[in-house]
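Asks: Take a look at final_19.txt, compact mmCIF, C-alpha atoms:
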```txt
# COMPACT_ATOMS: atom_id res chain seq x y z
CA MET A 33 -15.51 10.35 -27.90
CA ALA A 34 -12.74 11.34 -30.29
CA GLY A 35 -14.17 14.51 -31.69
CA SER A 36 -12.05 16.46 -34.15
CA SER A 37 -12.52 19.76 -32.32
CA ILE A 38 -11.95 19.67 -28.60
CA MET A 39 -12.62 22.82 -26.64
CA PRO A 40 -9.27 24.19 -25.50
CA LEU A 41 -8.76 24.23 -21.76
CA SER A 42 -8.20 27.39 -19.80
CA PRO A 43 -5.18 27.56 -17.48
CA ASN A 44 -7.52 27.13 -14.50
CA GLU A 45 -9.11 24.02 -16.01
CA ALA A 46 -5.66 22.64 -16.80
CA ALA A 47 -4.56 23.29 -13.21
CA ASP A 48 -7.71 21.53 -11.92
CA ALA A 49 -7.00 18.55 -14.16
CA LEU A 50 -3.42 18.34 -12.93
CA ARG A 51 -4.61 18.49 -9.34
CA ASP A 52 -7.13 15.70 -10.04
CA ILE A 53 -4.37 13.57 -11.53
CA SER A 54 -2.10 14.18 -8.56
CA GLN A 55 -4.84 13.39 -6.01
CA THR A 56 -5.91 10.25 -7.85
CA GLU A 57 -2.30 9.05 -8.04
CA SER A 58 -1.83 9.65 -4.30
CA ARG A 59 -5.00 7.74 -3.44
CA SER A 60 -4.07 4.90 -5.73
CA ALA A 61 -0.51 4.67 -4.36
CA ALA A 62 -1.81 4.64 -0.77
CA ALA A 63 -4.44 2.02 -1.62
CA TYR A 64 -1.76 -0.12 -3.29
CA GLY A 65 0.48 0.18 -0.24
CA ASN A 66 -2.39 -0.82 2.05
CA HIS A 67 -3.28 -3.74 -0.21
CA MET A 68 0.31 -4.99 -0.16
CA ALA A 69 0.75 -4.49 3.61
CA SER A 70 -2.53 -6.13 4.62
CA PRO A 71 -1.60 -9.84 4.40
CA HIS A 72 1.74 -9.20 6.09
CA MET A 73 -0.02 -7.52 8.98
CA ILE A 74 -2.51 -10.37 9.35
CA LEU A 75 0.31 -12.94 9.23
CA TRP A 76 2.30 -11.11 11.89
CA GLY A 77 -0.82 -10.72 14.01
CA LEU A 78 -1.18 -14.50 14.02
CA ILE A 79 2.55 -14.96 14.72
CA TRP A 80 2.28 -12.46 17.54
CA ILE A 81 -0.65 -14.29 19.12
CA GLY A 82 1.26 -17.57 18.76
CA GLU A 83 4.43 -16.16 20.31
CA TYR A 84 3.01 -14.33 23.30
CA GLY A 85 0.09 -16.70 23.77
CA GLY A 86 2.41 -19.71 23.49
CA TYR A 87 4.86 -18.26 25.98
CA TYR A 88 2.00 -17.40 28.34
CA LEU A 89 0.79 -20.99 28.24
CA TYR A 90 4.23 -22.65 28.07
CA PRO A 91 6.75 -20.33 29.76
CA GLN A 92 9.30 -23.14 29.88
CA ARG A 93 9.55 -23.10 26.07
CA PRO A 94 11.10 -19.76 25.08
CA LEU A 95 12.12 -21.15 21.66
CA ILE A 96 8.57 -20.38 20.57
CA PHE A 97 9.70 -16.81 19.82
CA PRO A 98 12.61 -17.43 17.41
CA ILE A 99 10.87 -20.34 15.69
CA LEU A 100 7.65 -18.45 15.03
CA SER A 101 9.60 -15.32 14.05
CA LEU A 102 11.44 -17.36 11.43
CA VAL A 103 8.09 -18.70 10.19
CA GLY A 104 6.92 -15.09 9.92
CA VAL A 105 9.98 -13.95 7.95
CA VAL A 106 9.65 -16.84 5.48
CA GLY A 107 5.89 -16.30 5.24
CA SER A 108 6.36 -12.60 4.54
CA PHE A 109 8.82 -13.35 1.76
CA VAL A 110 6.44 -15.87 0.18
CA ILE A 111 3.51 -13.43 0.39
CA GLY A 112 5.63 -10.64 -1.13
CA ALA A 113 6.77 -12.86 -3.97
CA ARG A 114 3.21 -14.01 -4.73
CA MET A 115 1.66 -10.57 -4.60
CA GLN A 116 4.17 -8.77 -6.79
CA ARG A 117 3.51 -10.65 -9.98
CA SER A 118 4.98 -7.99 -12.24
CA LYS A 119 8.50 -8.71 -11.07
CA PRO A 120 10.15 -12.04 -10.44
CA ALA A 121 10.79 -12.64 -6.76
CA ARG A 122 14.37 -11.94 -5.88
CA PHE A 123 16.13 -11.96 -2.58
CA SER A 124 17.80 -8.59 -2.32
CA TRP A 125 20.87 -8.24 -0.11
CA ARG A 126 18.95 -5.41 1.56
CA TYR A 127 16.62 -7.89 3.30
CA PHE A 128 19.57 -9.70 4.81
CA ALA A 129 21.31 -6.42 5.69
CA THR A 130 18.14 -5.16 7.35
CA PHE A 131 17.88 -8.34 9.41
CA VAL A 132 21.54 -8.07 10.50
CA ALA A 133 21.15 -4.35 11.32
CA PHE A 134 18.06 -5.13 13.39
CA LEU A 135 19.83 -7.87 15.34
CA ALA A 136 22.84 -5.60 15.90
CA PHE A 137 20.65 -2.73 17.07
CA VAL A 138 18.68 -4.86 19.54
CA SER A 139 21.84 -6.55 20.85
CA ALA A 140 23.62 -3.22 21.31
CA LEU A 141 20.59 -1.66 22.96
CA PHE A 142 20.15 -4.50 25.44
CA ALA A 143 23.90 -4.45 26.16
CA ILE A 144 23.74 -0.77 27.05
CA ILE A 145 20.34 -0.79 28.74
CA PRO A 146 19.84 -4.38 29.88
CA PRO A 147 16.23 -5.25 30.61
CA THR A 148 15.73 -6.47 34.16
CA ARG A 149 12.31 -8.03 33.71
CA SER A 150 10.84 -10.15 30.93
CA ALA A 151 7.95 -7.70 30.67
CA GLN A 152 10.39 -5.09 29.42
CA ILE A 153 11.49 -7.32 26.57
CA GLY A 154 7.87 -8.26 25.96
CA ALA A 155 6.90 -4.61 25.61
CA PHE A 156 9.98 -3.55 23.66
CA PHE A 157 9.24 -5.41 20.43
CA PRO A 158 5.60 -4.29 20.17
CA LEU A 159 6.78 -0.71 20.74
CA LEU A 160 9.40 -1.10 18.03
CA VAL A 161 6.75 -2.37 15.60
CA ALA A 162 4.41 0.43 16.64
CA PHE A 163 7.14 2.98 15.98
CA ALA A 164 7.95 1.49 12.56
CA TYR A 165 4.28 1.52 11.49
CA THR A 166 3.82 5.06 12.74
CA LEU A 167 6.84 6.23 10.72
CA MET A 168 5.54 4.40 7.68
CA GLY A 169 2.19 6.11 8.06
CA ILE A 170 3.83 9.53 8.32
CA TRP A 171 6.41 9.24 5.55
CA ARG A 172 4.61 7.09 3.01
CA ASN A 173 1.28 8.87 3.19
CA MET A 174 -0.44 5.79 4.63
CA PRO A 175 -2.53 7.13 7.51
CA ARG A 176 -4.23 3.81 8.26
CA ILE A 177 -0.89 2.12 8.92
CA GLY A 178 0.07 5.08 11.11
CA ILE A 179 -3.12 4.70 13.13
CA VAL A 180 -2.47 0.97 13.57
CA GLY A 181 1.04 1.82 14.81
CA ILE A 182 -0.17 4.39 17.33
CA SER A 183 -2.89 1.99 18.56
CA ILE A 184 -0.39 -0.82 19.11
CA GLY A 185 1.93 1.57 20.98
CA VAL A 186 -0.77 2.87 23.29
CA LEU A 187 -2.18 -0.60 24.00
CA THR A 188 1.32 -1.92 24.72
CA LEU A 189 1.94 0.84 27.26
CA ILE A 190 -1.43 0.20 28.91
CA GLY A 191 -0.56 -3.49 29.21
CA TYR A 192 2.93 -2.80 30.54
CA PHE A 193 1.96 -0.26 33.19
CA TYR A 194 -1.49 -1.42 34.27
CA LEU A 195 -1.74 -5.12 33.49
CA GLN A 196 1.65 -6.48 34.51
CA GLN A 197 0.19 -9.74 35.77
CA TYR A 198 -1.36 -10.53 32.42
CA TYR A 199 1.01 -8.70 30.09
CA LEU A 200 1.83 -11.76 27.94
CA PHE A 201 -1.83 -12.54 27.50
CA TRP A 202 -2.51 -8.85 26.87
CA PHE A 203 0.22 -8.55 24.21
CA ALA A 204 -1.01 -11.73 22.55
CA LEU A 205 -4.61 -10.66 22.44
CA VAL A 206 -4.33 -6.93 21.91
CA GLY A 207 -1.09 -6.71 19.92
CA GLY A 208 -1.94 -9.64 17.68
CA GLY A 209 -5.57 -8.61 17.47
CA ALA A 210 -4.65 -5.05 16.54
CA LEU A 211 -2.42 -6.29 13.75
CA ILE A 212 -5.08 -8.64 12.39
CA LEU A 213 -7.83 -6.03 12.57
CA GLY A 214 -5.47 -3.44 11.10
CA GLY A 215 -4.64 -5.79 8.25
CA LEU A 216 -8.33 -6.42 7.55
CA TRP A 217 -8.98 -2.68 7.69
CA LEU A 218 -6.22 -2.02 5.14
CA ARG A 219 -7.92 -4.35 2.67
CA ARG A 220 -10.72 -1.86 2.36
CA ILE A 221 -9.88 1.08 0.11
CA MET B 7 0.77 18.74 -28.60
CA ASP B 8 -1.80 21.23 -29.94
CA GLN B 9 -4.83 19.14 -29.08
CA PRO B 10 -5.29 16.94 -26.04
CA ASP B 11 -5.41 13.20 -26.55
CA PRO B 12 -9.18 12.61 -26.99
CA VAL B 13 -8.97 9.18 -25.36
CA ILE B 14 -7.54 10.54 -22.12
CA HIS B 15 -9.34 13.87 -22.24
CA GLN B 16 -12.31 12.60 -20.25
CA THR B 17 -12.72 12.69 -16.47
CA VAL B 18 -13.25 8.99 -15.74
CA ARG B 19 -10.63 7.79 -18.22
CA LEU B 20 -8.15 10.30 -16.86
CA LYS B 21 -8.76 9.00 -13.33
CA ILE B 22 -8.33 5.42 -14.53
CA MET B 23 -5.02 6.29 -16.17
CA ALA B 24 -3.79 8.24 -13.13
CA SER B 25 -4.77 5.38 -10.79
CA LEU B 26 -2.89 2.87 -12.93
CA LYS B 27 0.17 5.09 -13.30
CA ALA B 28 0.58 5.24 -9.50
CA LEU B 29 1.19 1.47 -9.40
CA PRO B 30 4.70 0.10 -9.84
CA GLN B 31 5.46 -0.43 -13.52
CA GLY B 32 3.84 -3.58 -14.85
CA GLU B 33 1.61 -4.02 -11.78
CA ALA B 34 -2.11 -4.61 -12.35
CA ILE B 35 -5.14 -3.69 -10.28
CA GLU B 36 -8.37 -5.62 -9.87
CA PHE B 37 -11.49 -4.19 -11.48
CA VAL B 38 -13.36 -3.94 -8.18
CA ARG B 39 -10.56 -2.00 -6.52
CA LEU B 40 -10.26 0.34 -9.49
CA LYS B 41 -14.03 0.90 -9.36
CA THR B 42 -13.75 2.11 -5.77
CA LEU B 43 -10.76 4.31 -6.53
CA VAL B 44 -12.32 5.96 -9.56
CA GLY B 45 -15.81 6.16 -8.08
CA ALA B 46 -17.54 4.90 -11.22
CA THR B 47 -20.33 2.42 -11.69
CA GLU B 48 -19.46 -1.03 -12.94
CA GLY B 49 -20.93 -0.54 -16.42
CA ASN B 50 -19.42 2.91 -16.82
CA LEU B 51 -15.98 1.75 -15.74
CA GLY B 52 -16.16 -1.28 -18.02
CA ALA B 53 -17.01 0.92 -21.02
CA HIS B 54 -14.17 3.33 -20.35
CA ILE B 55 -11.67 0.53 -19.84
CA GLY B 56 -12.84 -0.87 -23.17
CA ASN B 57 -12.03 2.50 -24.80
CA LEU B 58 -8.60 2.60 -23.23
CA GLU B 59 -7.93 -0.99 -24.28
CA SER B 60 -9.01 -0.22 -27.87
CA ALA B 61 -6.57 2.70 -27.90
CA GLY B 62 -3.84 0.32 -26.78
CA TYR B 63 -3.22 2.12 -23.51
CA VAL B 64 -4.15 -0.63 -21.05
CA ASP B 65 -3.97 -4.40 -21.00
CA VAL B 66 -6.88 -6.33 -19.54
CA GLU B 67 -6.42 -9.82 -18.09
CA LYS B 68 -9.31 -12.08 -17.17
CA ASP B 69 -8.86 -15.20 -15.10
CA PHE B 70 -10.38 -17.13 -12.24
CA VAL B 71 -9.39 -17.23 -8.60
CA GLY B 72 -10.96 -20.50 -7.54
CA LYS B 73 -14.43 -20.16 -9.02
CA ARG B 74 -14.50 -16.39 -8.85
CA PRO B 75 -13.85 -14.49 -12.09
CA ARG B 76 -11.27 -11.76 -11.83
CA THR B 77 -10.44 -8.88 -14.17
CA ARG B 78 -7.15 -7.08 -13.82
CA ILE B 79 -6.09 -3.92 -15.62
CA ARG B 80 -2.55 -2.77 -16.27
CA LEU B 81 -1.16 0.41 -17.82
CA ASN B 82 1.25 -0.46 -20.64
CA LYS B 83 4.16 1.56 -22.04
CA LYS B 84 2.08 3.23 -24.69
CA GLY B 85 -0.49 4.28 -22.10
CA ARG B 86 2.14 5.57 -19.71
CA ARG B 87 3.68 7.66 -22.50
CA ALA B 88 0.27 8.98 -23.54
CA LEU B 89 -0.51 10.09 -20.00
CA GLU B 90 2.88 11.79 -19.67
CA GLU B 91 2.23 13.67 -22.92
CA TYR B 92 -1.20 14.68 -21.67
CA VAL B 93 0.30 16.00 -18.43
CA SER B 94 2.87 17.96 -20.50
CA TYR B 95 0.01 19.38 -22.55
CA LEU B 96 -1.72 20.57 -19.35
CA ARG B 97 1.51 22.08 -18.02
CA ASP B 98 2.06 23.92 -21.32
CA ILE B 99 -1.38 25.51 -20.99
CA ILE B 100 -0.54 26.74 -17.50
CA ASP B 101 2.95 27.93 -18.46
CA THR B 102 1.96 29.72 -21.66
CA PRO B 103 1.36 33.46 -21.06
CA ALA B 104 -2.31 34.38 -21.30
CA GLU B 105 -1.82 37.06 -24.01
CA GLY B 106 -0.28 34.48 -26.33
CA LYS B 107 -3.45 32.37 -26.13
CA ALA B 108 -5.71 34.98 -27.64
CA THR B 109 -4.52 34.28 -31.17
```
Go through the file and emit its structure as structure tokens.

Replies:
Amino acid sequence: MAGSSIMPLSPNEAADALRDISQTESRSAAAYGNHMASPHMILWGLIWIGEYGGYYLYPQRPLIFPILSLVGVVGSFVIGARMQRSKPARFSWRYFATFVAFLAFVSALFAIIPPTRSAQIGAFFPLLVAFAYTLMGIWRNMPRIGIVGISIGVLTLIGYFYLQQYYLFWFALVGGGALILGGLWLRRI
Amino acid sequence: MDQPDPVIHQTVRLKIMASLKALPQGEAIEFVRLKTLVGATEGNLGAHIGNLESAGYVDVEKDFVGKRPRTRIRLNKKGRRALEEYVSYLRDIIDTPAEGKAT
């Protein structure tokens, strides 16, 4: 292995080696991102099924949404803390600020464009998630997450426009299912 | 650097180092995932990781998840520095004018 005389590389060979390094780093970073995102996606798929499925079965209990969402937020934090073993888990102010910004955005949006039917609210959040995943796929070089985002968006629109009678059931099954399948898909390199 | 680092100057080991460098600092990767990323056989990958560990470039942790054995590999500071120097060496080759290389 460690010979005393190593053949010097030509500029072309050096350029090839640099390209190999860059490509390998990109693949590894994307695989790491997928690996980290996978359990979150599966968790939120289950939460999603619980929320929409629960509301479909028990429409008189709308508290299902905030309660399960809170379970999801706590679950995501626990998963993140367990997976990132290199760093101690810490609660950054950015998480809280993100949560507040999200609430403010949704409140302001609904104040300006108030939804008139529950199906609109039902479709809005899946579309928001779809948009976020699509952006993540584009900007963080994670095409699989982008594909999951686009799939959720398209399926949500199909449910909203063509399956109004069953939209809650549709969002539960398809939205939650897409997240779970997407999460399982991300686990594969 | 006149000569490339002989430990890194090998295709599979270079891929291993590059894969590990892409992780956040201090983060480890499981052997099976690294195998898929690098595209090496199990025995081949194990031998190269052994070389990198002997050179002090990577740390290898072995534990159990339930009853399943797990091997995790992490690039340490020395390894990160060695890879950066190797990349500098490659860049120097590209940046040096061709006529200067003839001597």

Asks: Using all atoms listed in the file, find each residue in chain B having at least one atom no more than 7 Å away from chain A; report its shortest atom-to-atom pair and that distance in Å (one decimal), rows by chain then rising number, as a Markdown table.

Replies:
```
| residue | atom | partner | partner_atom | distance |
| --- | --- | --- | --- | --- |
| B:Pro12 | CA | A:Ala34 | CA | 5.0 |
| B:Val13 | CA | A:Ala34 | CA | 6.6 |
| B:Lys21 | CA | A:Thr56 | CA | 6.3 |
| B:Ala24 | CA | A:Glu57 | CA | 5.4 |
| B:Ser25 | CA | A:Ser60 | CA | 5.1 |
| B:Ala28 | CA | A:Glu57 | CA | 5.0 |
| B:Leu29 | CA | A:Ala61 | CA | 6.2 |
| B:Gly32 | CA | A:Ser118 | CA | 5.2 |
| B:Glu33 | CA | A:Ser118 | CA | 5.2 |
| B:Leu43 | CA | A:Ser60 | CA | 6.8 |
| B:Leu96 | CA | A:Ala46 | CA | 5.1 |
| B:Ile99 | CA | A:Pro43 | CA | 5.6 |
| B:Ile100 | CA | A:Pro43 | CA | 4.7 |
```

Asks: One decimal, in Å: what's the spacing between CA of His15 in chain B and CA of Gly45 in chain B?

Replies: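 Distance between the two atoms: 17.4 Å.
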
Asks: Go through A:Leu100, A:Arg51, A:Val180, A:Tyr198 and flag the residue nearest Val93 in chain B, using all atoms listed in the file for the distances.

Replies: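 Looking at the shortest contact to Val93 in chain B, the residue is A:Arg51.
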
Asks: Quick one: axis-aligned box around all listed atoms of range 53-66 of chain B, 3 Å on every side, centre and edge lengths in Å to one decimal, written as lines of an AutoDock Vina configuration file.

Replies:
```
center_x = -10.1
center_y = -1.5
center_z = -23.7
size_x = 19.8
size_y = 15.7
size_z = 14.4
```

Asks: With 10 Å as the threshold, what does the neighbourhood of (-0.1, 8.0, 14.2) contain in terms of residues, counting only C-alpha atoms? Coordinates are those of the file; answer as a short mmCIF file (atom, residue, chain, number, x, y, z; two decimals) with C-alpha atoms, in the coordinates of the input.

Replies:
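For reference, part19.cif as written:
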```cif
data_model
loop_
_atom_site.label_atom_id
_atom_site.label_comp_id
_atom_site.auth_asym_id
_atom_site.auth_seq_id
_atom_site.Cartn_x
_atom_site.Cartn_y
_atom_site.Cartn_z
CA ALA A 162 4.41 0.43 16.64
CA PHE A 163 7.14 2.98 15.98
CA TYR A 165 4.28 1.52 11.49
CA THR A 166 3.82 5.06 12.74
CA LEU A 167 6.84 6.23 10.72
CA MET A 168 5.54 4.40 7.68
CA GLY A 169 2.19 6.11 8.06
CA ILE A 170 3.83 9.53 8.32
CA MET A 174 -0.44 5.79 4.63
CA PRO A 175 -2.53 7.13 7.51
CA ARG A 176 -4.23 3.81 8.26
CA ILE A 177 -0.89 2.12 8.92
CA GLY A 178 0.07 5.08 11.11
CA ILE A 179 -3.12 4.70 13.13
CA VAL A 180 -2.47 0.97 13.57
CA GLY A 181 1.04 1.82 14.81
CA ILE A 182 -0.17 4.39 17.33
CA SER A 183 -2.89 1.99 18.56
CA GLY A 185 1.93 1.57 20.98
#
```

Asks: In terms of the shortest atom-to-atom distance over all atoms listed in the file, which of B:Leu81, B:Ala88, B:Leu40, B:Ala46 is closest to Glu59 in chain B?

Replies: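 Checking each of B:Leu81, B:Ala88, B:Leu40, B:Ala46 against Glu59 in chain B, counting all atoms listed in the file, the winner is B:Leu81.
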
Asks: What's around range 65-80 of chain B at 6 Å? Count only C-alpha atoms, leave out sequence neighbours fewer than 5 positions away in its own chain, and write the answer as number ranges by chain.

Replies: B: 34-37

Asks: Considering only C-alpha atoms, state which residue in the set A:Gly208, A:Gly82, A:Gly107, A:Pro71 is at the smallest distance from Pro94 in chain A.

Replies: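 Counting only C-alpha atoms, the residue closest to Pro94 in chain A is A:Gly82.
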
Asks: Quick one: distance from CA of Leu195 in chain A to CA of Ala155 in chain A in Å, one decimal?

Replies: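 If I compute the distance from CA of Leu195 in chain A to CA of Ala155 in chain A, I get 11.7 Å.
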
Asks: Expressed in Å to a single decimal, how great is the separation between CA of Ile96 in chain A and CA of Ile79 in chain A?

Replies: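 So the answer is 10.0 Å.
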
Asks: Name the closest residue to Trp217 in chain A among the candidates A:Leu78, A:Met73, A:Leu141, A:Val106; distances are taken between atoms, counting all atoms listed in the file.

Replies: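 The answer is A:Met73, which sits nearest to Trp217 in chain A.
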
Asks: In terms of the shortest atom-to-atom distance over only C-alpha atoms, which of B:Ala53, B:Val44, B:Met23, B:Val18 is closest to Arg86 in chain B?

Replies: B:Met23
